[in-house]
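Chemist: Structure file target_2.csv, CSV, C-alpha atoms, is pasted below:
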chain,number,residue,atom,x,y,z
H,1,MET,CA,74.6,-85.0,23.1
H,2,ASP,CA,72.0,-86.1,20.6
H,3,TRP,CA,71.5,-89.3,22.5
H,4,VAL,CA,70.9,-87.3,25.7
H,5,PHE,CA,68.2,-85.3,24.0
H,6,LEU,CA,66.6,-88.4,22.6
H,7,ALA,CA,66.7,-90.2,26.0
H,8,GLY,CA,65.2,-87.1,27.8
H,9,ARG,CA,62.4,-86.9,25.2
H,10,ILE,CA,61.5,-90.6,25.6
H,11,LEU,CA,61.6,-90.5,29.4
H,12,PHE,CA,59.4,-87.3,29.4
H,13,ALA,CA,56.9,-88.9,26.9
H,14,VAL,CA,56.5,-92.3,28.6
H,15,MET,CA,54.3,-91.1,31.4
H,16,PHE,CA,52.0,-89.1,29.1
H,17,PHE,CA,51.8,-92.0,26.6
H,18,ASN,CA,50.9,-94.5,29.4
H,19,SER,CA,48.4,-92.1,31.0
H,20,GLY,CA,46.8,-91.3,27.7
H,21,LEU,CA,46.5,-95.0,26.7
H,22,VAL,CA,45.8,-96.7,30.0
H,23,GLY,CA,44.1,-94.0,32.0
H,24,HIS,CA,42.2,-92.0,29.4
H,25,ILE,CA,41.4,-94.5,26.6
H,26,ILE,CA,41.4,-98.0,28.0
H,27,GLY,CA,40.3,-96.9,31.5
H,28,ARG,CA,38.1,-94.0,30.4
H,29,LYS,CA,35.1,-95.1,32.5
H,30,GLY,CA,37.0,-94.9,35.8
H,31,THR,CA,38.8,-91.7,34.8
H,32,ALA,CA,35.5,-90.1,33.7
H,33,ALA,CA,34.0,-91.0,37.1
H,34,TYR,CA,36.9,-89.3,38.8
H,35,ALA,CA,36.6,-86.3,36.5
H,36,ARG,CA,32.9,-86.1,37.2
H,37,GLN,CA,33.7,-86.0,41.0
H,38,SER,CA,36.1,-83.1,40.2
H,39,ARG,CA,33.3,-81.3,38.4
H,40,VAL,CA,34.9,-81.5,35.0
H,41,PRO,CA,32.3,-80.6,32.3
H,42,LEU,CA,31.4,-83.4,29.9
H,43,PRO,CA,33.7,-85.9,31.7
H,44,GLU,CA,33.4,-88.7,29.2
H,45,PHE,CA,34.3,-86.5,26.2
H,46,SER,CA,36.9,-84.5,28.2
H,47,VAL,CA,38.7,-87.7,29.3
H,48,VAL,CA,38.9,-89.1,25.7
H,49,ALA,CA,39.9,-85.7,24.2
H,50,SER,CA,42.6,-85.0,26.8
H,51,GLY,CA,43.9,-88.6,26.5
H,52,SER,CA,44.1,-88.2,22.7
H,53,MET,CA,46.0,-84.9,23.2
H,54,ILE,CA,48.7,-86.5,25.4
H,55,LEU,CA,48.9,-89.6,23.3
H,56,VAL,CA,49.6,-87.6,20.2
H,57,GLY,CA,51.8,-85.2,22.0
H,58,SER,CA,53.9,-87.9,23.6
H,59,VAL,CA,54.5,-89.7,20.3
H,60,LEU,CA,55.5,-86.5,18.6
H,61,VAL,CA,57.9,-85.6,21.4
H,62,ALA,CA,59.4,-89.1,21.6
H,63,LEU,CA,59.9,-89.4,17.8
H,64,GLY,CA,61.0,-85.8,17.3
H,65,ALA,CA,58.3,-85.4,14.6
H,66,TRP,CA,57.1,-81.9,15.1
H,67,GLY,CA,58.2,-82.2,18.7
H,68,ASP,CA,57.4,-78.6,19.3
H,69,LEU,CA,53.7,-79.3,18.5
H,70,GLY,CA,53.9,-82.4,20.8
H,71,ALA,CA,55.3,-80.3,23.6
H,72,LEU,CA,52.5,-77.7,23.2
H,73,LEU,CA,49.8,-80.4,23.2
H,74,ILE,CA,51.2,-81.7,26.5
H,75,ALA,CA,51.5,-78.2,27.9
H,76,ALA,CA,47.9,-77.4,26.9
H,77,PHE,CA,46.7,-80.6,28.6
H,78,LEU,CA,48.6,-79.7,31.8
H,79,VAL,CA,47.2,-76.1,31.8
H,80,LEU,CA,43.6,-77.4,31.4
H,81,ILE,CA,43.7,-80.4,33.7
H,82,THR,CA,45.9,-79.4,36.6
H,83,PRO,CA,43.6,-76.9,38.4
H,84,ALA,CA,40.5,-79.0,37.6
H,85,MET,CA,41.8,-82.4,38.8
H,86,HIS,CA,44.2,-81.4,41.5
H,87,ALA,CA,42.4,-78.6,43.3
H,88,PHE,CA,44.1,-79.1,46.6
H,89,TRP,CA,42.6,-75.9,48.0
H,90,ARG,CA,39.2,-77.6,47.9
H,91,GLU,CA,40.3,-80.6,50.1
H,92,LYS,CA,39.3,-80.5,53.8
H,93,GLU,CA,41.2,-83.6,54.9
H,94,PRO,CA,44.9,-82.9,55.4
H,95,SER,CA,46.3,-86.1,53.7
H,96,ALA,CA,44.0,-85.7,50.7
H,97,ARG,CA,45.0,-82.0,50.5
H,98,GLN,CA,48.7,-82.9,50.7
H,99,LEU,CA,48.3,-85.6,48.0
H,100,GLN,CA,46.5,-83.2,45.6
H,101,GLN,CA,49.1,-80.5,46.3
H,102,ILE,CA,51.9,-82.9,45.4
H,103,ASN,CA,50.2,-83.8,42.1
H,104,PHE,CA,49.4,-80.2,41.4
H,105,LEU,CA,53.1,-79.2,41.8
H,106,LYS,CA,54.3,-82.2,39.9
H,107,ASN,CA,52.1,-81.1,37.0
H,108,VAL,CA,53.4,-77.5,37.3
H,109,ALA,CA,57.0,-78.9,37.0
H,110,LEU,CA,56.0,-81.0,34.0
H,111,LEU,CA,54.4,-78.0,32.4
H,112,GLY,CA,57.7,-76.2,32.8
H,113,ALA,CA,59.5,-79.1,31.1
H,114,ALA,CA,57.1,-79.1,28.2
H,115,LEU,CA,57.6,-75.4,27.7
H,116,ILE,CA,61.4,-75.9,27.8
H,117,LEU,CA,61.1,-78.6,25.2
H,118,PHE,CA,59.0,-76.3,23.0
H,119,TYR,CA,61.7,-73.6,23.4
H,120,VAL,CA,64.6,-75.9,22.6
H,121,TRP,CA,63.0,-77.2,19.4
H,122,ASN,CA,62.3,-73.7,18.4
H,123,GLN,CA,65.8,-72.5,19.0
H,124,LEU,CA,67.5,-75.6,17.4
H,125,HIS,CA,65.3,-75.0,14.4
H,126,GLY,CA,65.8,-78.3,12.6
H,127,SER,CA,69.2,-79.3,14.1
H,128,ALA,CA,67.7,-81.2,17.1
H,129,GLY,CA,69.6,-84.4,16.9
H,130,LEU,CA,67.9,-87.7,16.4
H,131,SER,CA,64.6,-86.1,15.5
H,132,LEU,CA,62.5,-87.1,12.5
H,133,THR,CA,61.6,-83.5,11.5
H,134,GLY,CA,62.3,-79.9,12.4
H,135,PRO,CA,59.9,-77.8,14.4
H,136,LEU,CA,56.4,-77.0,13.0
H,137,PHE,CA,56.5,-73.5,14.3
H,138,GLY,CA,59.2,-71.0,13.2
H,139,ARG,CA,61.3,-68.9,15.4
H,140,GLY,CA,59.4,-66.1,17.0
Show this structure as structure tokens.
Modeler:
Amino acid sequence: MDWVFLAGRILFAVMFFNSGLVGHIIGRKGTAAYARQSRVPLPEFSVVASGSMILVGSVLVALGAWGDLGALLIAAFLVLITPAMHAFWREKEPSARQLQQINFLKNVALLGAALILFYVWNQLHGSAGLSLTGPLFGRG
């Protein structure tokens, strides 16, 4: 089962790693323009900061090095970014509204997955197979 946990972590982290590197760091100008349209404050800074959060979080989750911290970084990113960037309730055009609602709900599901990962690392408390370290946060 350790391999299943490792595979799940990697599959979960791949999207955030790619989005952080390609969308937020390499393509920061285009993403900042989109963030500006969505009325995100300080879009240039916000894009790089949020991209850094998910880059670090995805690497921690995939490697299992303080994976609980990585899961929390990804969860925080999703909490901050989802209502700002996928505010489907603001859309007037039906297809744009539907697309934003799909992305909003996808992010809600990913937030749930990040919280589950945090919980699992906390409960396994150092016995999460194929992880480099135990959790950073103790059982609460």
Chemist: For a quick check of understanding, using all atoms listed in the file, which of H:Leu117, H:Leu11, H:Met85, H:Leu132 has the smallest distance to Ser38 in chain H?
Modeler: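 Of the candidates, the smallest distance to Ser38 in chain H is held by H:Met85.
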Chemist: Which residues are close to Ala32 in chain H, i.e. within 8 Å by all atoms listed in the file, leaving aside same-chain residues fewer than 6 positions away? Reply as JSON, numbers by chain.
Modeler: {"H": [43, 44, 46, 47]}
Chemist: For Ser19 in chain H, which residue among H:Ile54, H:Ala84, H:Ala109, H:Val40 is the nearest when counting all atoms listed in the file?
Modeler: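 For Ser19 in chain H, the nearest of the given residues is H:Ile54.
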Chemist: CA of Val48 in chain H and CA of Arg28 in chain H, how far apart in Å?
Modeler: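 Between these atoms lies a distance of 6.8 Å.
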Chemist: Considering only C-alpha atoms, return as a ChimeraX atom specification whatever protein or nucleic-acid residues lie within 9 Å of Gly129 in chain H, sequence-local ones (same chain, fewer than 5 positions apart) excluded.
Modeler: /H:1-3,5-6,64
Chemist: If I put a ball of radius 8 Å at (61.0, -74.6, 17.6) in the file's coordinates, which residues poke into it when counting only C-alpha atoms, written as a list in words?
Modeler: Asp68, Phe118, Tyr119, Val120, Trp121, Asn122, Gln123, Leu124, His125, Gly126, Gly134, Pro135, Leu136, Phe137, Gly138 and Arg139 of chain H
Chemist: Name the residues in contact with Ala76 in chain H at a cut-off of 12 Å, using all atoms listed in the file, excluding same-chain residues fewer than 2 positions from it; report them as a ChimeraX atom specification.
Modeler: /H:49-51,53-54,57,69-74,78-82,107-108,110-112,114-115,118
Chemist: Counting only C-alpha atoms, which of H:Val4, H:Pro41, H:Val59, H:Arg9 gets nearest to Leu21 in chain H?
Modeler: H:Val59
Chemist: Let me make sure I understand: among H:Leu130, H:Ala7, H:Ser52, H:Ala87, which one has the smallest atom-to-atom distance to Ile26 in chain H if we use only C-alpha atoms?
Modeler: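 Closest to Ile26 in chain H of all the choices is H:Ser52.
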Chemist: Find the distance between CA of Ala62 in chain H and CA of Lys106 in chain H and write it in Å to one decimal.
Modeler: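 Separation of CA of Ala62 in chain H and CA of Lys106 in chain H: 20.2 Å.
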Chemist: Using all atoms listed in the file, which of the listed residues (H:Lys29, H:Gly8, H:Arg97, H:Ile102) sits closest to Ile116 in chain H?
Modeler: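 Counting all atoms listed in the file, the residue closest to Ile116 in chain H is H:Gly8.
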Chemist: So how far away is CA of Val56 in chain H from CA of Phe16 in chain H, in Å?
Modeler: 9.3 Å
